[in-house]
$ cat work34.cif   # mmCIF, C-alpha atoms
data_input
loop_
_atom_site.label_atom_id
_atom_site.label_comp_id
_atom_site.auth_asym_id
_atom_site.auth_seq_id
_atom_site.Cartn_x
_atom_site.Cartn_y
_atom_site.Cartn_z
CA MET G 1 69.13 48.57 -21.28
CA ASN G 2 65.41 47.75 -21.04
CA ARG G 3 64.60 51.15 -19.55
CA TYR G 4 66.87 52.97 -22.02
CA PHE G 5 64.99 51.45 -24.93
CA GLU G 6 61.55 52.01 -23.42
CA VAL G 7 61.99 55.73 -22.63
CA VAL G 8 63.61 56.53 -25.99
CA GLN G 9 60.97 54.50 -27.84
CA ARG G 10 58.22 56.44 -26.07
CA LEU G 11 59.79 59.77 -27.07
CA VAL G 12 60.79 58.94 -30.66
CA SER G 13 57.80 56.81 -31.74
CA ARG G 14 55.34 59.43 -30.50
CA GLY G 15 57.17 62.32 -32.15
CA GLU G 16 57.66 64.06 -28.80
CA TYR G 17 60.44 66.52 -28.01
CA LYS G 18 60.30 66.59 -24.21
CA ALA G 19 60.40 63.96 -21.47
CA ARG G 20 60.03 64.06 -17.72
CA LEU G 21 63.50 63.98 -16.21
CA ASN G 22 64.16 60.79 -14.24
CA LYS G 23 67.16 58.63 -13.39
CA THR G 24 67.12 56.88 -16.79
CA TRP G 25 66.97 60.10 -18.81
CA GLN G 26 69.68 61.62 -16.63
CA GLU G 27 71.94 58.65 -17.39
CA ILE G 28 71.24 58.89 -21.14
CA HIS G 29 71.90 62.65 -21.09
CA ASP G 30 75.17 62.19 -19.17
CA GLU G 31 76.36 59.46 -21.54
CA THR G 32 75.35 61.06 -24.85
CA GLY G 33 75.32 64.78 -24.13
CA LEU G 34 72.00 64.97 -25.96
CA GLY G 35 69.15 67.15 -24.76
CA VAL G 36 68.87 70.22 -22.55
CA ILE G 37 67.65 69.87 -18.98
CA VAL G 38 65.11 72.54 -18.07
CA GLY G 39 63.72 72.16 -14.58
CA LYS G 40 62.09 68.73 -14.31
CA GLU G 41 62.18 68.04 -18.06
CA VAL G 42 64.75 67.21 -20.72
CA ALA G 43 64.15 68.72 -24.18
CA PHE G 44 65.50 67.59 -27.56
CA THR G 45 65.76 69.10 -31.04
CA ALA G 46 64.67 67.11 -34.11
CA GLU G 47 68.34 66.37 -34.85
CA GLU G 48 68.92 65.14 -31.31
CA ARG G 49 65.91 62.86 -31.51
CA GLN G 50 67.45 61.24 -34.59
CA LYS G 51 70.75 60.86 -32.76
CA LEU G 52 68.91 59.22 -29.84
CA ARG G 53 67.39 56.77 -32.29
CA GLY G 54 70.81 55.95 -33.72
CA TYR G 55 72.31 55.66 -30.23
CA ILE G 56 69.76 53.02 -29.20
CA GLN G 57 70.04 51.13 -32.50
CA HIS G 58 73.81 50.97 -32.13
CA LYS G 59 73.61 50.09 -28.44
CA ILE G 60 71.04 47.30 -28.46
CA GLY G 61 70.08 46.54 -32.06
CA LEU G 62 66.42 47.65 -31.93
CA ASP G 63 64.77 50.61 -33.68
CA PRO G 64 62.95 52.74 -31.07
CA SER G 65 60.97 54.61 -33.74
CA ASP G 66 58.76 51.53 -34.18
CA SER G 67 56.17 51.50 -31.38
CA LYS G 68 55.31 47.85 -32.07
CA ILE G 69 58.78 46.55 -31.21
CA THR G 70 59.09 45.05 -27.73
CA VAL G 71 62.10 44.10 -25.65
CA PRO G 72 63.07 40.42 -26.13
CA THR G 73 61.97 38.23 -23.22
CA THR G 74 64.47 35.40 -23.73
CA ARG G 75 68.20 35.20 -24.36
CA HIS G 76 67.49 33.30 -27.57
CA GLU G 77 65.41 36.21 -28.89
CA THR G 78 68.02 38.71 -27.67
CA SER G 79 70.76 36.92 -29.61
CA LYS G 80 68.90 37.65 -32.84
CA VAL G 81 69.33 41.42 -32.37
CA ASN G 82 72.43 41.76 -30.20
CA THR G 83 75.73 39.93 -29.74
CA ASP G 84 75.33 40.23 -25.96
CA GLU G 85 72.62 37.72 -25.05
CA LYS G 86 72.34 39.22 -21.55
CA VAL G 87 71.80 42.84 -22.58
CA PHE G 88 68.07 42.80 -21.72
CA ASN G 89 68.50 40.93 -18.42
CA ALA G 90 66.22 38.12 -19.59
CA THR G 91 66.41 35.24 -17.13
CA VAL G 92 66.71 31.75 -18.54
CA PHE G 93 63.30 30.32 -17.63
CA SER G 94 61.25 33.46 -16.87
CA HIS G 95 59.16 33.10 -20.05
CA LEU G 96 58.22 29.47 -19.38
CA LEU G 97 55.26 28.03 -17.48
CA ARG G 98 55.77 25.04 -15.17
CA VAL G 99 52.94 22.52 -15.44
CA ALA G 100 52.24 19.10 -13.94
CA ARG G 101 49.60 16.49 -13.14
CA VAL G 102 49.34 14.39 -10.02
CA ASN G 103 47.93 11.30 -11.73
CA GLY G 104 50.50 10.99 -14.53
CA ALA G 105 47.93 11.69 -17.27
CA PRO G 106 49.24 13.29 -20.48
CA ILE G 107 49.63 17.06 -20.72
CA LYS G 108 48.26 18.42 -24.02
CA THR G 109 50.73 20.60 -25.92
CA ALA G 110 51.14 21.88 -29.47
CA TYR G 111 53.88 19.26 -29.91
CA GLY G 112 51.65 16.40 -28.83
CA ASP G 113 50.91 14.76 -25.48
CA ALA G 114 53.65 15.00 -22.86
CA VAL G 115 53.74 12.19 -20.30
CA LEU G 116 55.85 12.83 -17.19
CA PRO G 117 56.82 10.68 -14.21
CA VAL G 118 54.93 11.59 -11.05
CA GLY G 119 56.85 14.28 -9.17
CA CYS G 120 58.12 15.97 -12.33
CA PHE G 121 56.86 19.07 -14.11
CA LEU G 122 57.09 20.38 -17.65
CA SER G 123 58.52 23.80 -18.58
CA ILE G 124 56.80 25.13 -21.69
CA THR G 125 55.95 28.41 -23.40
CA ALA G 126 52.37 29.54 -22.88
CA SER G 127 51.65 29.52 -26.63
CA GLN G 128 52.41 25.78 -26.80
CA LEU G 129 50.08 24.77 -23.94
CA GLU G 130 46.50 23.64 -24.56
CA LEU G 131 43.98 24.54 -21.83
CA THR G 132 40.66 23.81 -23.54
CA GLY G 133 38.42 21.78 -21.24
CA GLU G 134 41.00 21.74 -18.44
CA VAL G 135 40.49 22.34 -14.74
CA VAL G 136 43.52 24.46 -13.86
CA VAL G 137 44.98 24.76 -10.36
CA VAL G 138 47.38 27.69 -9.98
CA VAL G 139 50.04 26.92 -7.34
CA GLU G 140 51.63 29.74 -5.36
CA ASN G 141 54.80 27.97 -4.22
CA GLY G 142 57.18 26.65 -6.88
CA ASP G 143 58.81 24.07 -4.60
CA VAL G 144 55.47 22.32 -4.13
CA MET G 145 55.27 21.57 -7.87
CA SER G 146 57.56 18.57 -7.30
CA HIS G 147 55.47 17.33 -4.34
CA LEU G 148 51.90 17.70 -5.56
CA HIS G 149 51.41 13.92 -5.48
CA GLU G 150 52.15 13.87 -1.74
CA LEU G 151 49.02 15.86 -0.97
CA HIS G 152 45.53 14.37 -0.76
CA TRP G 153 43.50 16.15 -3.43
CA PRO G 154 39.71 16.04 -3.79
CA GLU G 155 38.86 13.33 -6.31
CA PRO G 156 37.65 15.76 -9.03
CA LEU G 157 41.08 17.45 -8.98
CA THR G 158 43.30 14.39 -9.37
CA GLY G 159 43.22 14.96 -13.14
CA ALA G 160 43.62 18.74 -12.98
CA LEU G 161 46.42 20.64 -14.69
CA PHE G 162 48.66 22.30 -12.11
CA ILE G 163 50.52 25.46 -13.11
CA TYR G 164 53.06 27.37 -11.01
CA ARG G 165 51.92 30.98 -10.70
CA GLY G 166 55.34 32.60 -10.91
CA HIS G 167 56.14 36.21 -10.07
CA SER G 168 56.94 38.45 -13.03
CA LYS G 169 57.14 37.48 -16.71
CA ASP G 170 55.84 33.97 -16.11
CA VAL G 171 52.73 35.11 -14.23
CA ASN G 172 52.03 37.65 -16.98
CA GLU G 173 52.30 34.87 -19.55
CA LEU G 174 49.91 32.76 -17.47
CA LYS G 175 47.35 35.56 -17.23
CA ARG G 176 47.47 36.13 -20.97
CA LEU G 177 47.03 32.42 -21.63
CA LEU G 178 44.04 32.10 -19.29
CA LYS G 179 42.41 35.08 -20.98
CA GLN G 180 43.07 33.87 -24.52
CA THR G 181 42.16 30.20 -23.93
CA PRO G 182 39.83 30.09 -20.93
CA PRO G 183 39.87 26.65 -19.25
CA LYS G 184 36.82 24.95 -17.80
CA GLN G 185 37.67 26.15 -14.28
CA VAL G 186 40.54 28.00 -12.54
CA LEU G 187 41.35 27.37 -8.87
CA GLY G 188 44.00 28.94 -6.64
CA PHE G 189 46.21 27.05 -4.19
CA TYR G 190 47.95 29.34 -1.67
CA ASP G 191 49.34 29.19 1.86
CA PHE G 192 46.58 28.78 4.43
CA ASP G 193 47.08 31.95 6.42
CA PRO G 194 45.49 35.43 6.27
CA ALA G 195 48.01 36.64 3.68
CA GLY G 196 47.62 33.55 1.49
CA LEU G 197 43.83 33.59 1.44
CA LEU G 198 43.81 37.32 0.80
CA MET G 199 46.21 36.88 -2.12
CA GLY G 200 43.95 34.21 -3.57
CA LEU G 201 40.87 36.41 -3.28
CA GLU G 202 42.60 39.50 -4.69
CA ASP G 203 44.60 37.81 -7.45
CA LYS G 204 43.70 39.37 -10.82
CA ILE G 205 43.56 35.89 -12.32
CA GLY G 206 40.07 35.72 -10.82
CA PHE G 207 39.71 32.23 -9.35
CA ASN G 208 36.49 30.25 -9.31
CA GLY G 209 37.58 28.66 -6.04
CA LEU G 210 40.45 28.16 -3.62
CA ILE G 211 42.11 24.95 -2.44
CA VAL G 212 42.61 24.85 1.34
CA PRO G 213 43.52 22.25 3.97
CA ASN G 214 40.71 20.20 5.47
CA ILE G 215 40.90 22.07 8.77
CA GLN G 216 38.09 20.13 10.42
CA GLU G 217 40.13 16.97 9.91
CA ILE G 218 43.35 18.61 11.16
CA VAL G 219 41.87 20.01 14.39
CA THR G 220 40.89 16.50 15.46
CA GLN G 221 44.63 15.65 15.52
CA PRO G 222 46.17 17.94 18.20
CA GLU G 223 49.72 16.70 17.62
CA LEU G 224 49.51 17.37 13.88
CA LEU G 225 47.97 20.78 14.47
CA ARG G 226 50.78 21.77 16.87
CA GLY G 227 53.35 20.65 14.33
CA ILE G 228 52.08 22.74 11.42
CA ALA G 229 50.00 25.65 12.77
CA GLN G 230 52.80 28.28 13.13
CA PRO G 231 50.99 30.79 15.41
CA ALA G 232 54.02 33.12 15.32
CA VAL G 233 53.50 33.56 11.58
CA PHE G 234 49.78 34.09 12.07
CA TRP G 235 50.39 36.95 14.51
CA THR G 236 52.53 38.84 11.99
CA GLN G 237 49.50 39.10 9.69
CA THR G 238 47.05 41.18 11.71
CA GLU G 239 46.59 43.69 8.92
CA GLN G 240 45.91 40.96 6.36
CA MET G 241 43.44 39.29 8.73
CA ASN G 242 41.48 42.52 9.14
CA ARG G 243 41.25 42.91 5.36
CA LEU G 244 40.36 39.23 4.92
CA LEU G 245 37.47 39.50 7.38
CA LYS G 246 35.99 42.30 5.27
CA LYS G 247 36.53 40.62 1.90
CA MET G 248 35.95 36.89 2.41
CA PRO G 249 32.90 35.18 0.86
CA LYS G 250 30.45 33.22 3.01
CA ALA G 251 32.13 29.94 2.04
CA LEU G 252 35.26 30.96 3.96
CA VAL G 253 33.61 32.22 7.15
CA ASP G 254 33.89 28.99 9.16
CA LEU G 255 37.44 28.27 7.93
CA VAL G 256 38.67 31.76 8.76
CA SER G 257 36.95 31.67 12.16
CA THR G 258 38.82 28.46 13.00
CA MET G 259 42.06 29.96 11.68
CA GLU G 260 41.59 33.03 13.88
CA GLU G 261 40.51 31.08 16.95
CA LEU G 262 43.49 28.68 16.83
CA ASN G 263 46.06 31.11 15.34
CA ILE G 264 46.68 28.90 12.33
CA ALA G 265 49.11 29.59 9.49
CA ILE G 266 50.01 26.57 7.36
CA MET G 267 52.54 26.91 4.56
CA GLN G 268 52.21 24.84 1.40
CA GLU G 269 55.53 23.09 2.05
CA LEU G 270 54.18 21.81 5.38
CA MET G 271 50.96 20.67 3.75
CA ALA G 272 52.96 18.50 1.34
CA ALA G 273 55.43 17.27 3.98
CA HIS G 274 52.55 16.08 6.18
CA ALA G 275 50.35 14.73 3.33
CA ILE G 276 47.47 17.04 4.27
CA SER G 277 43.99 16.44 2.86
CA LEU G 278 42.68 19.35 0.79
CA ILE G 279 39.23 20.66 -0.07
CA GLU G 280 37.86 23.14 -2.60
CA VAL G 281 35.87 26.20 -1.51
CA PRO G 282 34.19 28.88 -3.68
CA ALA G 283 36.13 32.15 -4.01
CA LYS G 284 33.02 34.27 -4.61
#
$ encode --input "work34.cif" --output "structure tokens"
Amino acid sequence: MNRYFEVVQRLVSRGEYKARLNKTWQEIHDETGLGVIVGKEVAFTAEERQKLRGYIQHKIGLDPSDSKITVPTTRHETSKVNTDEKVFNATVFSHLLRVARVNGAPIKTAYGDAVLPVGCFLSITASQLELTGEVVVVVENGDVMSHLHELHWPEPLTGALFIYRGHSKDVNELKRLLKQTPPKQVLGFYDFDPAGLLMGLEDKIGFNGLIVPNIQEIVTQPELLRGIAQPAVFWTQTEQMNRLLKKMPKALVDLVSTMEELNIAIMQELMAAHAISLIEVPAK
């Protein structure tokens, strides 16, 4: 239903009479009989455009003639316009950010301070989270959010606010929040392999720095290194390594050289499971 609304809204709200024929328009045409397909386009009369508007209003409860209306992002919002709370495929927690601290300090929200037991995280809408003055660490792997306290963080980061990056709606919410209420500093915490470092450097969030394992400490412990290095994973990332070598800042040169020399790829889950010490490096 999301695509149905979006394509009809684009046509009706802009006063257009033609649309490029695609799978969605073909389905709408087959179901309603509206429009005439001419080559790679589907054309509508003024009367048919009005019928399209009524079709969408009846189907999902939203008026596509209003360009400012957006598809609901939660089932709660959907229920206000449609009796089927699942019509827009909104997942239950996709609009929420997951946040935590490793030292148990309060998390500032619009509702007041939230204090959580160590090992727990808070799910909250972006609009209710306060980032002013915070050092934010964006975490790639959601599972690690429950194990942040098992890692050895640099002292300045023990009071940081950790936020799970997410993948679709939640990461978009995070990006909007960081733009609207810029924190003091934003750091990225990714897997320590060519793909992970490259993701951190290319992420549109625009990190001030990256959090990585203290490799110099790890290489002095051969048994630990053998247990977490995963050379087979490293060798699947030749393309990412080539791109990383061209893009990395000077601060990463020694780390990446060691990674390449010893074929190292360390996932965040392994870092937590082995209580790895972490360091911060500039991302620019």
$ resolve_selection --input "work34.cif" --expression "the PyMOL selection byres ((chain G and resi 34) around 12)" --output "PDB file with C-alpha atoms, in the coordinates of the input"
ATOM      1  CA  VAL G   8      63.610  56.530 -25.990  1.00  0.00           C
ATOM      2  CA  TYR G  17      60.440  66.520 -28.010  1.00  0.00           C
ATOM      3  CA  LYS G  18      60.300  66.590 -24.210  1.00  0.00           C
ATOM      4  CA  TRP G  25      66.970  60.100 -18.810  1.00  0.00           C
ATOM      5  CA  GLN G  26      69.680  61.620 -16.630  1.00  0.00           C
ATOM      6  CA  GLU G  27      71.940  58.650 -17.390  1.00  0.00           C
ATOM      7  CA  ILE G  28      71.240  58.890 -21.140  1.00  0.00           C
ATOM      8  CA  HIS G  29      71.900  62.650 -21.090  1.00  0.00           C
ATOM      9  CA  ASP G  30      75.170  62.190 -19.170  1.00  0.00           C
ATOM     10  CA  GLU G  31      76.360  59.460 -21.540  1.00  0.00           C
ATOM     11  CA  THR G  32      75.350  61.060 -24.850  1.00  0.00           C
ATOM     12  CA  GLY G  33      75.320  64.780 -24.130  1.00  0.00           C
ATOM     13  CA  GLY G  35      69.150  67.150 -24.760  1.00  0.00           C
ATOM     14  CA  VAL G  36      68.870  70.220 -22.550  1.00  0.00           C
ATOM     15  CA  ILE G  37      67.650  69.870 -18.980  1.00  0.00           C
ATOM     16  CA  VAL G  42      64.750  67.210 -20.720  1.00  0.00           C
ATOM     17  CA  ALA G  43      64.150  68.720 -24.180  1.00  0.00           C
ATOM     18  CA  PHE G  44      65.500  67.590 -27.560  1.00  0.00           C
ATOM     19  CA  THR G  45      65.760  69.100 -31.040  1.00  0.00           C
ATOM     20  CA  ALA G  46      64.670  67.110 -34.110  1.00  0.00           C
ATOM     21  CA  GLU G  47      68.340  66.370 -34.850  1.00  0.00           C
ATOM     22  CA  GLU G  48      68.920  65.140 -31.310  1.00  0.00           C
ATOM     23  CA  ARG G  49      65.910  62.860 -31.510  1.00  0.00           C
ATOM     24  CA  GLN G  50      67.450  61.240 -34.590  1.00  0.00           C
ATOM     25  CA  LYS G  51      70.750  60.860 -32.760  1.00  0.00           C
ATOM     26  CA  LEU G  52      68.910  59.220 -29.840  1.00  0.00           C
ATOM     27  CA  ARG G  53      67.390  56.770 -32.290  1.00  0.00           C
ATOM     28  CA  GLY G  54      70.810  55.950 -33.720  1.00  0.00           C
ATOM     29  CA  TYR G  55      72.310  55.660 -30.230  1.00  0.00           C
TER      30      TYR G  55
END
$ resolve_selection --input "work34.cif" --expression "the PyMOL selection byres ((chain G and resi 224-238) around 9)" --output "PyMOL selection string"
chain G and resi 193-195+218-223+239-243+259-260+262-267+270-271+274
$ resolve_selection --input "work34.cif" --expression "the PyMOL selection byres ((chain G and resi 143) around 12)" --output "ChimeraX atom specification"
/G:98,119-121,139-142,144-148,163-166,267-273
$ axis_aligned_box --input "work34.cif" --around "range 203-218 of chain G" --padding-each-side "5 Å" --output "AutoDock Vina command-line options"
--center_x 40.5 --center_y 28.2 --center_z -0.6 --size_x 18.1 --size_y 32.4 --size_z 33.5
$ atom_distance --input "work34.cif" --atom1 "CA of Lys204 in chain G" --atom2 "CA of Asp191 in chain G"
17.2 Å
$ closest_residue --input "work34.cif" --among "G:Pro154, G:Pro182, G:Gly200, G:Pro249" --to "Leu129 in chain G" --atoms "all atoms listed in the file"
G:Pro182
$ closest_residue --input "work34.cif" --among "G:Val138, G:Ile279, G:Val212, G:Leu157" --to "Leu178 in chain G" --atoms "all atoms listed in the file"
G:Val138
$ atom_distance --input "work34.cif" --atom1 "CA of Arg20 in chain G" --atom2 "CA of Glu41 in chain G"
4.5 Å
$ atom_distance --input "work34.cif" --atom1 "CA of Gln9 in chain G" --atom2 "CA of Lys23 in chain G"
16.3 Å
$ residues_near_point --input "work34.cif" --point "(47.0, 14.0, -7.5)" --cutoff "6 Å" --atoms "only C-alpha atoms" --output "list in words"
Val102, Asn103, His149, Trp153 and Thr158 of chain G
$ decode --input "work34.cif" --residues "range 94-125 of chain G" --atoms "N, CA and C atoms" --output "PDB file, in the first residue's frame"
ATOM      1  N   SER G  94      10.477   0.011  14.459  1.00  0.00           N
ATOM      2  CA  SER G  94      11.346   0.610  13.442  1.00  0.00           C
ATOM      3  C   SER G  94      11.518   2.117  13.605  1.00  0.00           C
ATOM      4  N   HIS G  95      10.579   2.776  14.300  1.00  0.00           N
ATOM      5  CA  HIS G  95      10.660   4.227  14.445  1.00  0.00           C
ATOM      6  C   HIS G  95      11.364   4.644  15.729  1.00  0.00           C
ATOM      7  N   LEU G  96      11.838   3.661  16.505  1.00  0.00           N
ATOM      8  CA  LEU G  96      12.458   3.957  17.795  1.00  0.00           C
ATOM      9  C   LEU G  96      13.975   3.848  17.731  1.00  0.00           C
ATOM     10  N   LEU G  97      14.654   4.694  18.506  1.00  0.00           N
ATOM     11  CA  LEU G  97      16.098   4.592  18.663  1.00  0.00           C
ATOM     12  C   LEU G  97      16.396   3.788  19.919  1.00  0.00           C
ATOM     13  N   ARG G  98      17.484   2.996  19.888  1.00  0.00           N
ATOM     14  CA  ARG G  98      17.903   2.241  21.071  1.00  0.00           C
ATOM     15  C   ARG G  98      19.131   2.920  21.636  1.00  0.00           C
ATOM     16  N   VAL G  99      19.058   3.351  22.887  1.00  0.00           N
ATOM     17  CA  VAL G  99      20.151   4.117  23.485  1.00  0.00           C
ATOM     18  C   VAL G  99      20.553   3.517  24.833  1.00  0.00           C
ATOM     19  N   ALA G 100      21.817   3.709  25.198  1.00  0.00           N
ATOM     20  CA  ALA G 100      22.316   3.140  26.456  1.00  0.00           C
ATOM     21  C   ALA G 100      23.543   3.906  26.920  1.00  0.00           C
ATOM     22  N   ARG G 101      23.913   3.662  28.174  1.00  0.00           N
ATOM     23  CA  ARG G 101      25.193   4.134  28.720  1.00  0.00           C
ATOM     24  C   ARG G 101      25.882   2.935  29.362  1.00  0.00           C
ATOM     25  N   VAL G 102      27.204   3.012  29.437  1.00  0.00           N
ATOM     26  CA  VAL G 102      27.932   1.900  30.048  1.00  0.00           C
ATOM     27  C   VAL G 102      28.175   2.132  31.537  1.00  0.00           C
ATOM     28  N   ASN G 103      28.005   3.371  31.990  1.00  0.00           N
ATOM     29  CA  ASN G 103      28.301   3.666  33.396  1.00  0.00           C
ATOM     30  C   ASN G 103      27.048   3.840  34.252  1.00  0.00           C
ATOM     31  N   GLY G 104      25.863   3.601  33.654  1.00  0.00           N
ATOM     32  CA  GLY G 104      24.619   3.694  34.419  1.00  0.00           C
ATOM     33  C   GLY G 104      24.143   5.108  34.672  1.00  0.00           C
ATOM     34  N   ALA G 105      24.801   6.115  34.077  1.00  0.00           N
ATOM     35  CA  ALA G 105      24.379   7.501  34.271  1.00  0.00           C
ATOM     36  C   ALA G 105      23.024   7.730  33.598  1.00  0.00           C
ATOM     37  N   PRO G 106      22.264   8.721  34.061  1.00  0.00           N
ATOM     38  CA  PRO G 106      20.941   8.979  33.487  1.00  0.00           C
ATOM     39  C   PRO G 106      21.008   9.351  32.004  1.00  0.00           C
ATOM     40  N   ILE G 107      19.977   8.973  31.283  1.00  0.00           N
ATOM     41  CA  ILE G 107      19.807   9.367  29.885  1.00  0.00           C
ATOM     42  C   ILE G 107      18.765  10.480  29.849  1.00  0.00           C
ATOM     43  N   LYS G 108      19.119  11.623  29.273  1.00  0.00           N
ATOM     44  CA  LYS G 108      18.217  12.783  29.271  1.00  0.00           C
ATOM     45  C   LYS G 108      17.141  12.627  28.194  1.00  0.00           C
ATOM     46  N   THR G 109      15.882  12.692  28.598  1.00  0.00           N
ATOM     47  CA  THR G 109      14.769  12.605  27.665  1.00  0.00           C
ATOM     48  C   THR G 109      13.771  13.730  27.950  1.00  0.00           C
ATOM     49  N   ALA G 110      12.819  13.892  27.055  1.00  0.00           N
ATOM     50  CA  ALA G 110      11.782  14.910  27.238  1.00  0.00           C
ATOM     51  C   ALA G 110      10.879  14.576  28.418  1.00  0.00           C
ATOM     52  N   TYR G 111      10.885  13.328  28.849  1.00  0.00           N
ATOM     53  CA  TYR G 111      10.063  12.888  29.976  1.00  0.00           C
ATOM     54  C   TYR G 111      10.792  13.012  31.313  1.00  0.00           C
ATOM     55  N   GLY G 112      12.079  13.355  31.246  1.00  0.00           N
ATOM     56  CA  GLY G 112      12.895  13.369  32.444  1.00  0.00           C
ATOM     57  C   GLY G 112      14.059  12.409  32.280  1.00  0.00           C
ATOM     58  N   ASP G 113      14.872  12.282  33.319  1.00  0.00           N
ATOM     59  CA  ASP G 113      16.035  11.391  33.251  1.00  0.00           C
ATOM     60  C   ASP G 113      15.613   9.933  33.358  1.00  0.00           C
ATOM     61  N   ALA G 114      16.166   9.108  32.467  1.00  0.00           N
ATOM     62  CA  ALA G 114      15.912   7.665  32.511  1.00  0.00           C
ATOM     63  C   ALA G 114      17.159   6.972  33.028  1.00  0.00           C
ATOM     64  N   VAL G 115      17.017   6.196  34.086  1.00  0.00           N
ATOM     65  CA  VAL G 115      18.143   5.467  34.667  1.00  0.00           C
ATOM     66  C   VAL G 115      17.904   3.975  34.442  1.00  0.00           C
ATOM     67  N   LEU G 116      18.858   3.332  33.765  1.00  0.00           N
ATOM     68  CA  LEU G 116      18.710   1.919  33.411  1.00  0.00           C
ATOM     69  C   LEU G 116      19.788   1.078  34.079  1.00  0.00           C
ATOM     70  N   PRO G 117      19.469  -0.184  34.375  1.00  0.00           N
ATOM     71  CA  PRO G 117      20.511  -1.103  34.857  1.00  0.00           C
ATOM     72  C   PRO G 117      21.556  -1.301  33.768  1.00  0.00           C
ATOM     73  N   VAL G 118      22.787  -1.514  34.160  1.00  0.00           N
ATOM     74  CA  VAL G 118      23.854  -1.781  33.196  1.00  0.00           C
ATOM     75  C   VAL G 118      23.489  -3.022  32.387  1.00  0.00           C
ATOM     76  N   GLY G 119      23.668  -2.964  31.084  1.00  0.00           N
ATOM     77  CA  GLY G 119      23.322  -4.082  30.216  1.00  0.00           C
ATOM     78  C   GLY G 119      21.968  -3.928  29.559  1.00  0.00           C
ATOM     79  N   CYS G 120      21.239  -2.873  29.926  1.00  0.00           N
ATOM     80  CA  CYS G 120      19.924  -2.607  29.333  1.00  0.00           C
ATOM     81  C   CYS G 120      20.009  -1.379  28.428  1.00  0.00           C
ATOM     82  N   PHE G 121      19.060  -1.270  27.498  1.00  0.00           N
ATOM     83  CA  PHE G 121      18.994  -0.070  26.672  1.00  0.00           C
ATOM     84  C   PHE G 121      17.561   0.424  26.596  1.00  0.00           C
ATOM     85  N   LEU G 122      17.425   1.702  26.269  1.00  0.00           N
ATOM     86  CA  LEU G 122      16.130   2.367  26.215  1.00  0.00           C
ATOM     87  C   LEU G 122      15.695   2.505  24.764  1.00  0.00           C
ATOM     88  N   SER G 123      14.428   2.180  24.458  1.00  0.00           N
ATOM     89  CA  SER G 123      13.856   2.428  23.137  1.00  0.00           C
ATOM     90  C   SER G 123      13.005   3.683  23.235  1.00  0.00           C
ATOM     91  N   ILE G 124      13.289   4.658  22.374  1.00  0.00           N
ATOM     92  CA  ILE G 124      12.642   5.966  22.496  1.00  0.00           C
ATOM     93  C   ILE G 124      12.562   6.632  21.130  1.00  0.00           C
ATOM     94  N   THR G 125      11.535   7.451  20.917  1.00  0.00           N
ATOM     95  CA  THR G 125      11.445   8.189  19.662  1.00  0.00           C
ATOM     96  C   THR G 125      12.513   9.278  19.640  1.00  0.00           C
TER      97      THR G 125
END
